[in-house]
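Asker: My structure is stored as start26.cif, with mmCIF, C-alpha atoms.
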data_start
loop_
_atom_site.label_atom_id
_atom_site.label_comp_id
_atom_site.auth_asym_id
_atom_site.auth_seq_id
_atom_site.Cartn_x
_atom_site.Cartn_y
_atom_site.Cartn_z
CA MET U 11 94.30 155.62 116.57
CA THR U 12 90.90 153.88 116.61
CA LEU U 13 89.89 151.42 119.32
CA GLU U 14 90.28 148.53 116.93
CA GLN U 15 93.77 149.65 115.93
CA GLN U 16 94.69 149.94 119.62
CA ARG U 17 93.42 146.42 120.23
CA ASP U 18 95.42 145.14 117.25
CA THR U 19 98.61 146.77 118.62
CA VAL U 20 98.11 145.24 122.09
CA PHE U 21 97.35 141.91 120.45
CA ARG U 22 100.53 142.01 118.36
CA ASP U 23 102.57 142.66 121.54
CA LEU U 24 100.88 139.76 123.34
CA TYR U 25 101.48 137.50 120.40
CA ALA U 26 105.15 138.44 120.22
CA GLN U 27 105.51 137.79 123.95
CA TYR U 28 103.56 134.56 124.41
CA ALA U 29 103.11 132.80 121.04
CA ALA U 30 106.31 130.73 121.23
CA LYS U 31 105.50 129.45 124.74
CA ILE U 32 101.88 128.69 123.88
CA HIS U 33 103.01 126.93 120.72
CA ARG U 34 105.29 124.62 122.70
CA ILE U 35 102.50 123.93 125.22
CA CYS U 36 100.20 123.00 122.31
CA LEU U 37 102.94 120.88 120.76
CA GLY U 38 103.44 119.09 124.07
CA TYR U 39 99.70 118.42 124.22
CA THR U 40 99.19 117.20 120.64
CA GLY U 41 102.66 115.90 119.72
CA ASN U 42 101.94 117.16 116.22
CA ALA U 43 103.37 120.37 114.73
CA MET U 44 100.44 121.07 112.39
CA GLU U 45 97.85 120.55 115.10
CA ALA U 46 99.92 122.73 117.42
CA ASP U 47 99.89 125.51 114.78
CA ASP U 48 96.11 125.23 114.52
CA LEU U 49 95.70 125.26 118.29
CA LEU U 50 98.00 128.28 118.62
CA GLN U 51 95.85 130.13 116.10
CA GLU U 52 92.67 129.11 117.93
CA VAL U 53 94.12 130.29 121.25
CA PHE U 54 95.02 133.71 119.90
CA ILE U 55 91.74 134.04 118.00
CA LYS U 56 90.02 133.53 121.38
CA VAL U 57 92.38 136.04 122.99
CA TRP U 58 91.49 138.60 120.32
CA GLN U 59 87.76 137.90 120.52
CA ASN U 60 87.58 137.93 124.32
CA TYR U 61 90.03 140.71 125.05
CA ASP U 62 87.18 142.98 126.21
CA LYS U 63 86.32 140.41 128.90
CA PHE U 64 89.75 140.62 130.48
CA ARG U 65 89.24 142.62 133.66
CA GLY U 66 92.79 142.51 134.97
CA GLU U 67 91.79 140.33 137.94
CA SER U 68 94.65 138.01 137.08
CA LYS U 69 97.86 138.52 135.13
CA ILE U 70 97.35 138.65 131.39
CA ALA U 71 99.74 135.68 131.11
CA THR U 72 97.51 133.59 133.40
CA TRP U 73 94.47 134.53 131.35
CA ILE U 74 96.20 133.49 128.11
CA TYR U 75 97.41 130.22 129.66
CA ARG U 76 93.86 129.49 130.78
CA ILE U 77 92.55 130.01 127.25
CA ALA U 78 95.36 127.76 125.99
CA VAL U 79 94.45 125.02 128.50
CA ASN U 80 90.76 125.23 127.57
CA THR U 81 91.46 125.32 123.83
CA CYS U 82 93.60 122.21 124.13
CA LEU U 83 90.88 120.41 126.10
CA TYR U 84 88.24 121.66 123.64
CA HIS U 85 90.41 120.23 120.85
CA ILE U 86 89.31 116.77 122.00
CA ARG U 87 86.30 117.24 119.68
CA SER U 88 88.30 117.23 116.47
CA GLN U 89 90.79 114.75 117.90
CA LYS U 90 88.07 112.20 118.62
CA ASN U 91 86.40 112.82 115.26
CA LYS U 92 89.61 111.85 113.50
CA LYS U 93 89.53 108.53 115.34
CA THR U 94 93.31 108.49 115.65
CA THR U 95 95.40 109.69 118.49
CA ALA U 96 97.63 112.65 117.88
CA ILE U 97 100.75 110.68 118.47
CA GLU U 98 99.93 108.21 115.69
CA ASN U 99 99.98 111.05 113.20
CA SER U 100 102.74 112.86 114.92
CA ASN U 101 105.76 114.25 113.24
CA ILE U 102 107.97 112.66 115.83
CA HIS U 103 110.41 110.58 113.87
CA LEU U 104 112.71 108.97 116.34
CA LYS U 105 114.40 106.62 113.92
CA THR U 106 115.34 109.16 111.28
CA GLU U 107 117.51 111.26 113.55
CA GLU U 108 121.06 110.61 114.61
CA PRO U 109 120.98 108.64 117.84
CA ASP U 110 121.60 110.70 120.95
CA SER U 111 121.42 114.00 119.03
CA LYS U 112 119.88 116.85 120.95
CA GLU U 113 117.04 116.99 118.46
CA GLN U 114 116.28 113.32 119.00
CA GLN U 115 116.30 113.73 122.75
CA ILE U 116 113.83 116.60 122.42
CA GLN U 117 111.59 114.50 120.16
CA LEU U 118 111.81 111.69 122.69
CA LEU U 119 110.75 114.11 125.41
CA TYR U 120 107.69 115.07 123.35
CA LYS U 121 106.86 111.40 122.88
CA CYS U 122 107.11 110.83 126.64
CA ILE U 123 104.87 113.83 127.35
CA SER U 124 102.29 112.45 124.92
CA GLU U 125 102.00 109.36 127.09
CA LEU U 126 100.77 111.37 130.07
CA ALA U 127 97.10 112.12 130.76
CA GLU U 128 95.76 115.19 128.88
CA SER U 129 95.60 117.53 131.87
CA ASP U 130 99.02 116.33 133.08
CA ARG U 131 100.55 117.16 129.68
CA LEU U 132 99.37 120.73 129.99
CA ILE U 133 100.65 121.11 133.54
CA ILE U 134 104.07 119.65 132.80
CA THR U 135 104.65 121.68 129.64
CA MET U 136 103.80 124.87 131.53
CA LEU U 137 106.30 123.82 134.16
CA LEU U 138 108.92 123.08 131.51
CA GLU U 139 108.23 126.57 130.18
CA ASP U 140 109.07 127.96 133.62
CA VAL U 141 105.56 129.21 134.27
CA PRO U 142 105.36 129.88 138.04
CA TYR U 143 103.29 127.49 140.19
CA SER U 144 100.89 130.27 141.13
CA GLU U 145 100.13 130.96 137.45
CA ILE U 146 99.69 127.27 136.61
CA ALA U 147 97.34 126.96 139.60
CA ALA U 148 95.36 130.00 138.48
CA ALA U 149 95.19 128.91 134.83
CA THR U 150 94.09 125.37 135.62
CA GLU U 151 92.13 126.35 138.73
CA ILE U 152 93.76 123.69 140.86
CA SER U 153 94.72 124.69 144.40
CA GLU U 154 98.46 125.29 144.83
CA GLY U 155 98.71 122.51 147.43
CA ASN U 156 97.00 119.99 145.16
CA LEU U 157 99.07 121.22 142.23
CA ARG U 158 102.35 120.57 144.06
CA VAL U 159 101.30 116.99 144.79
CA LYS U 160 100.25 116.53 141.17
CA ILE U 161 103.46 118.02 139.82
CA HIS U 162 105.56 115.75 142.01
CA ARG U 163 103.72 112.73 140.61
CA ILE U 164 103.88 113.93 136.98
CA LYS U 165 107.62 114.68 137.25
CA GLN U 166 108.25 111.14 138.50
CA GLN U 167 106.05 109.67 135.81
CA LEU U 168 107.78 111.65 133.05
CA SER U 169 111.27 110.76 134.27
CA THR U 170 110.31 107.07 134.42
CA ILE U 171 108.89 107.09 130.87
CA TYR U 172 111.96 108.96 129.58
CA LYS U 173 114.34 106.48 131.20
CA LYS U 174 112.36 103.57 129.81
CA TYR U 175 112.77 104.89 126.24
CA GLU U 176 116.39 105.84 126.76
CA ARG U 177 117.20 102.25 127.63
CA VAL U 178 115.57 100.95 124.41
CA MET E 29 114.52 116.17 141.31
CA LYS E 30 117.66 116.06 139.22
CA GLU E 31 116.28 114.05 136.28
CA PHE E 32 113.43 116.48 135.78
CA ASP E 33 115.82 119.42 135.84
CA ASN E 34 117.77 117.74 133.03
CA LEU E 35 114.59 117.29 131.03
CA LYS E 36 113.69 120.93 131.61
CA GLU E 37 117.12 122.04 130.43
CA LEU E 38 116.68 119.89 127.34
CA TRP E 39 113.20 121.34 126.70
CA GLN E 40 114.49 124.86 126.89
CA GLN E 41 117.23 124.15 124.38
CA GLN E 42 114.81 123.37 121.56
CA LYS E 43 114.87 125.49 118.44
CA GLU E 44 112.24 128.19 118.00
CA SER E 45 109.52 127.05 115.60
CA THR E 46 108.27 129.24 112.79
CA LEU E 47 105.01 130.64 114.05
CA PRO E 48 101.94 131.65 112.05
CA ASP E 49 101.89 135.32 111.06
CA VAL E 50 100.02 137.49 113.57
CA THR E 51 98.23 139.43 110.80
CA VAL E 52 96.72 136.18 109.51
CA ILE E 53 95.42 135.42 113.02
CA ILE E 54 93.88 138.88 113.39
CA ASP E 55 92.14 138.46 110.01
CA LYS E 56 90.88 135.00 110.99
CA ALA E 57 89.58 136.31 114.33
CA LYS E 58 87.63 139.03 112.54
CA LYS E 59 86.28 136.58 109.95
CA ALA E 60 85.36 133.90 112.54
CA LYS E 61 82.74 136.14 114.11
CA LYS E 62 81.10 136.83 110.75
CA GLN E 63 81.24 133.15 109.73
CA MET E 64 79.30 132.01 112.80
CA ALA E 65 76.64 134.65 112.17
CA ASN E 66 76.45 133.61 108.49
CA LYS E 67 76.02 129.96 109.43
CA ILE E 68 73.01 130.81 111.60
CA ILE E 69 71.57 133.12 108.91
CA ILE E 70 71.91 130.35 106.28
CA GLN E 71 70.14 127.83 108.54
CA VAL E 72 67.29 130.24 109.22
CA MET E 73 67.01 131.05 105.49
CA VAL E 74 66.81 127.36 104.54
CA LEU E 75 64.15 126.91 107.17
CA LEU E 76 62.12 129.86 105.89
CA LEU E 77 62.45 128.72 102.27
CA THR E 78 61.25 125.22 103.18
CA THR E 79 58.27 126.69 104.99
CA VAL E 80 57.44 128.93 102.03
CA ALA E 81 57.82 126.02 99.59
CA ILE E 82 55.47 123.78 101.59
CA GLY E 83 53.05 126.68 102.04
CA GLY E 84 53.19 127.26 98.25
CA ILE E 85 52.29 123.63 97.51
CA VAL E 86 49.33 123.70 99.91
CA CYS E 87 47.99 126.97 98.48
CA GLY E 88 48.73 126.03 94.85
CA ILE E 89 46.93 122.69 94.85
CA ASP E 90 43.30 122.38 95.80
CA PHE E 91 43.50 119.71 98.47
CA LYS E 92 40.29 118.34 99.90
CA MET E 93 41.13 115.73 102.50
CA ALA E 94 41.88 116.46 106.15
CA THR E 95 44.73 113.91 106.09
CA THR E 96 46.64 116.07 103.59
CA PHE E 97 46.42 119.17 105.77
CA THR E 98 47.34 117.15 108.84
CA GLY E 99 50.32 115.71 106.96
CA VAL E 100 51.53 119.12 105.78
CA ALA E 101 51.06 120.63 109.24
CA LEU E 102 52.98 117.75 110.81
CA MET E 103 55.74 118.15 108.19
CA LEU E 104 56.03 121.86 108.93
CA PHE E 105 56.03 121.31 112.67
CA THR E 106 58.68 118.56 112.43
CA ILE E 107 61.01 120.60 110.21
CA LEU E 108 60.59 123.71 112.37
CA ALA E 109 61.14 121.83 115.63
CA TYR E 110 64.20 119.98 114.36
CA SER E 111 65.77 123.13 112.90
CA ALA E 112 65.11 124.99 116.15
CA LEU E 113 66.84 122.15 117.98
CA ARG E 114 69.87 122.38 115.68
CA LEU E 115 70.05 126.15 116.13
CA TYR E 116 69.83 125.75 119.89
CA GLN E 117 72.66 123.24 119.71
CA LEU E 118 74.81 125.58 117.61
CA ASN E 119 74.19 128.34 120.09
CA MET E 120 75.06 126.03 122.98
CA LEU E 121 78.46 125.28 121.41
CA LYS E 122 79.05 128.96 120.68
CA LYS E 123 78.33 129.82 124.32
CA ILE E 124 81.13 127.66 125.74
CA ASP E 125 83.42 130.31 127.16
CA LEU E 126 87.07 129.31 126.94
CA THR E 127 88.12 132.10 129.29
CA LEU E 128 86.38 130.40 132.24
CA SER E 129 87.78 127.75 134.56
CA PRO E 130 88.77 124.51 132.75
CA LYS E 131 86.45 122.58 135.09
CA VAL E 132 83.50 124.71 134.00
CA VAL E 133 84.49 124.30 130.34
CA LEU E 134 84.79 120.52 130.72
CA SER E 135 81.40 120.26 132.37
CA GLU E 136 79.80 122.50 129.68
CA MET E 137 81.36 120.35 126.97
CA GLU E 138 80.09 117.21 128.63
CA HIS E 139 76.61 118.72 128.83
CA PHE E 140 76.81 119.69 125.14
CA TYR E 141 77.86 116.22 124.02
CA SER E 142 75.21 114.49 126.15
CA PHE E 143 72.65 116.70 124.42
CA GLN E 144 74.23 116.04 121.02
CA GLN E 145 73.97 112.32 121.72
CA LYS E 146 70.24 112.68 122.35
CA VAL E 147 69.79 114.82 119.22
CA SER E 148 71.71 112.54 116.91
CA THR E 149 69.98 109.39 118.15
CA LYS E 150 66.56 109.81 119.81
CA TYR E 151 65.50 113.17 118.32
CA THR E 152 66.75 112.30 114.84
CA LEU E 153 64.78 109.05 115.00
CA LEU E 154 61.68 110.94 116.11
CA TYR E 155 62.25 113.45 113.27
CA PHE E 156 62.42 110.61 110.76
CA VAL E 157 59.33 108.85 112.11
CA LEU E 158 57.25 112.05 112.21
CA LEU E 159 58.34 113.04 108.69
CA SER E 160 57.46 109.57 107.40
CA ILE E 161 54.00 109.73 109.01
CA ALA E 162 53.52 113.23 107.57
CA SER E 163 54.53 112.04 104.08
CA GLY E 164 52.22 109.03 104.42
CA LEU E 165 49.27 111.26 105.33
CA TYR E 166 50.09 113.64 102.47
CA PHE E 167 50.25 110.83 99.90
CA ILE E 168 46.79 109.43 100.79
CA GLU E 169 45.11 112.19 98.76
CA VAL E 170 47.89 112.53 96.16
CA MET E 171 47.60 108.82 95.35
CA GLN E 172 43.78 108.84 95.33
CA PRO E 173 43.31 109.15 91.54
CA MET E 174 45.95 106.49 90.77
CA SER E 175 45.15 102.93 89.73
CA VAL E 176 45.27 100.12 92.29
CA MET E 177 48.51 98.87 90.75
CA PHE E 178 50.19 102.28 91.07
CA LYS E 179 48.91 102.60 94.63
CA THR E 180 50.32 99.17 95.51
CA VAL E 181 53.69 99.94 93.91
CA GLY E 182 53.82 103.38 95.54
CA LEU E 183 52.92 102.00 98.95
CA THR E 184 55.42 99.16 98.64
CA VAL E 185 58.23 101.54 97.64
CA PHE E 186 57.31 103.92 100.48
CA ILE E 187 57.23 101.19 103.13
CA ALA E 188 60.39 99.56 101.76
CA TRP E 189 62.20 102.90 101.85
CA MET E 190 61.07 103.51 105.44
CA LEU E 191 62.25 100.08 106.53
CA ILE E 192 65.63 100.40 104.76
CA ALA E 193 66.14 103.94 106.04
CA TYR E 194 65.29 102.95 109.59
CA PHE E 195 66.76 99.47 109.97
CA ILE E 196 69.81 99.72 107.71
CA ILE E 197 70.92 103.33 107.22
CA GLY E 198 69.40 104.85 110.36
CA LYS E 199 70.52 102.24 112.89
CA LYS E 200 74.07 102.17 111.49
CA GLN E 201 74.31 105.96 111.43
CA MET E 202 72.86 106.21 114.93
CA ARG E 203 75.32 103.66 116.29
CA LYS E 204 78.17 105.63 114.63
CA GLU E 205 76.94 108.92 116.07
CA TYR E 206 76.40 107.35 119.49
CA ASP E 207 79.90 105.85 119.55
CA LYS E 208 81.48 109.12 118.42
CA THR E 209 79.79 111.22 121.10
CA GLU E 210 80.27 108.50 123.71
CA SER E 211 84.03 108.45 123.09
CA ILE E 212 84.18 112.24 123.50
CA ILE E 213 82.09 112.10 126.71
CA ASN E 214 84.32 109.34 128.12
CA ALA E 215 87.46 111.29 127.24
CA LEU E 216 86.02 114.37 128.95
CA LYS E 217 85.14 112.33 132.05
CA GLU E 218 88.65 110.90 132.06
CA ILE E 219 90.14 114.41 131.96
CA GLU E 220 87.78 115.56 134.73
CA LYS E 221 88.84 112.57 136.82
CA SER E 222 92.56 113.18 136.32
CA TYR E 223 91.93 116.83 137.19
CA ASP E 224 90.50 115.82 140.56
CA GLN E 225 93.21 113.28 141.40
#
What is this file in structure tokens?
Answerer:
Amino acid sequence: MTLEQQRDTVFRDLYAQYAAKIHRICLGYTGNAMEADDLLQEVFIKVWQNYDKFRGESKIATWIYRIAVNTCLYHIRSQKNKKTTAIENSNIHLKTEEPDSKEQQIQLLYKCISELAESDRLIITMLLEDVPYSEIAAATEISEGNLRVKIHRIKQQLSTIYKKYERV
Amino acid sequence: MKEFDNLKELWQQQKESTLPDVTVIIDKAKKAKKQMANKIIIQVMVLLLTTVAIGGIVCGIDFKMATTFTGVALMLFTILAYSALRLYQLNMLKKIDLTLSPKVVLSEMEHFYSFQQKVSTKYTLLYFVLLSIASGLYFIEVMQPMSVMFKTVGLTVFIAWMLIAYFIIGKKQMRKEYDKTESIINALKEIEKSYDQ
């Protein structure tokens, strides 16, 4: 097996393991399925291209999350060029679903996440994905103490926004 | 925090989305590297061809006046300098390393867009002014044998074009470019701020 084939095999394993999570993080950030697909591809293209740089100083998961966070932030370029916010073009169709259906509640959750600040969206979706605090702290490079304070505030904010929409 | 736990439970119940095929991503990753290299090669080729074309005109026609040579030299210098600036900018964007800390990435992006703002406003204006001066100098000799009427018409068209290009097209385009980069810089600052809070 050549080096490139070995890299491809490792990459396929990483993709199988993390793609779904990263996709949901990207979806939480953009609120748009097509943009999330594009971001997911960008994240894994970066993973493939930079794999040689990974020195094992952190967990591979943390490294991938960090690339995901940066790719989402980097995405601001194309987002701003389009002159519309992601949520305006989003595929979140609250009115077309049956009220109170699980699917609608999930869509509502995405809408609420989209109302948070960019960096908060990333932190909260990682938390919703059960990523440990230590890994979120390492990926975002925020101290664990500061992260806990932030998370407490974001959780409150998200719950408040969700309740506000639920009442409507 | 009970409410958040409910939201988390809800989040984790969502259906799995259909994800892009991994083979497609591997192919794209391999192509992306080549594409960036090709983009730079194309830019350098265009630059070389322009230089050769201008050089060809100067050698092919027996120019006499110093203004013509000054104009051509200024034209060459302006095109070379502006292309070098664009290449530098492309390289700057390519160098942003998404495996580093998000804070570093944000500050590199901010630096890039501040530079882009200068390029698309001040430097582009300078490029336009220098090219116009160079063309003006070049046309002094080219227009020499023409009749006074042709000279007047030529000069009027040239000045009118410069004024329209600068005051109407240029200013509008520069404002657009400035606003675009400014909105990105502000968004980046906003993210940096929320990061520190």
Asker: Per residue of chain U within 6 Å of chain E, note the shortest atom pair and the distance in Å to one decimal, counting only C-alpha atoms, and order the rows by chain and increasing residue number, as a tab-separated table.
Answerer:
residue	atom	partner	partner_atom	distance
U:Ile55	CA	E:Ala57	CA	4.8
U:Ile77	CA	E:Thr127	CA	5.3
U:Asn80	CA	E:Leu126	CA	5.5
U:Leu138	CA	E:Lys36	CA	5.2
Asker: Evaluating the PyMOL selection byres ((chain U and resi 172) around 12) on the displayed file yields which residues, as JSON, numbers by chain?
Answerer: {"U": [115, 116, 117, 118, 119, 120, 121, 122, 123, 124, 125, 126, 165, 166, 167, 168, 169, 170, 171, 173, 174, 175, 176, 177, 178], "E": [31, 32, 34, 35]}
Asker: Tyr28 of chain U: which residues within 10 Å, counting all atoms listed in the file, same-chain residues fewer than 3 positions away excluded, as a list in words?
Answerer: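 Neighbouring residues, sequence-local ones excluded: Asp23, Leu24, Tyr25, Lys31, Ile32, His33, Phe54, Ala71, Ile74 and Tyr75 of chain U.
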Asker: For a cutoff of 7 Å around the file-coordinate point (100.4, 127.7, 145.7), which residues qualify once you count all atoms listed in the file? I'd like the result as a list in words.
Answerer: Tyr143, Ser144, Ala147, Ser153, Glu154 and Gly155 of chain U
Asker: Taking the file as shown, what set of residues would the PyMOL selection byres ((chain U and resi 48-50) around 8) give back, as a PyMOL selection string?
Answerer: chain U and resi 29+32-33+36+44-47+51-54+78+81-82+85
Asker: What's the 9 Å shell around Phe156 of chain E, counting all atoms listed in the file, without same-chain residues fewer than 5 positions away, as a list in words?
Answerer: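 Surrounding residues, per the criterion: Thr106, Tyr151, Ile161, Met190, Ala193 and Tyr194 of chain E.
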Asker: So, with only C-alpha atoms as the atoms that count, which of U:Glu128, U:Glu145, U:Glu151, U:Glu113 lies closest to Ser68 of chain U?
Answerer: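 Using only C-alpha atoms, Ser68 of chain U sits closest to U:Glu145.
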Asker: Could you check how far atom CA of Lys122 of chain E sits from atom CA of Ile35 of chain U, in Å to one decimal?
Answerer: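 Separation between atom CA of Lys122 of chain E and atom CA of Ile35 of chain U: 24.4 Å.
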Asker: What is the distance between atom CA of Glu138 of chain E and atom CA of Ile133 of chain U, in Å to one decimal?
Answerer: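 Spanning atom CA of Glu138 of chain E to atom CA of Ile133 of chain U is a straight-line distance of 21.5 Å.
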Asker: Atom CA of Gly66 of chain U and atom CA of Asp130 of chain U are how many Å apart?
Answerer: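 Straight-line distance from atom CA of Gly66 of chain U to atom CA of Asp130 of chain U works out to 27.0 Å.
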Asker: Excluding segment 90-95 of chain E and residues on its chain fewer than 2 positions from it, collect all residues at most 10 Å away from it, counting all atoms listed in the file, and give them as a PyMOL selection string.
Answerer: chain E and resi 85-88+97-101+162+164-170
Asker: Please determine the residues with any atom at most 12 Å from (62.8, 121.4, 109.1) (coordinates as given in the file, with only C-alpha atoms counting) and report them as an MDAnalysis selection string.
Answerer: chainID E and resid 71:82 100:115 152 155:156 158:159
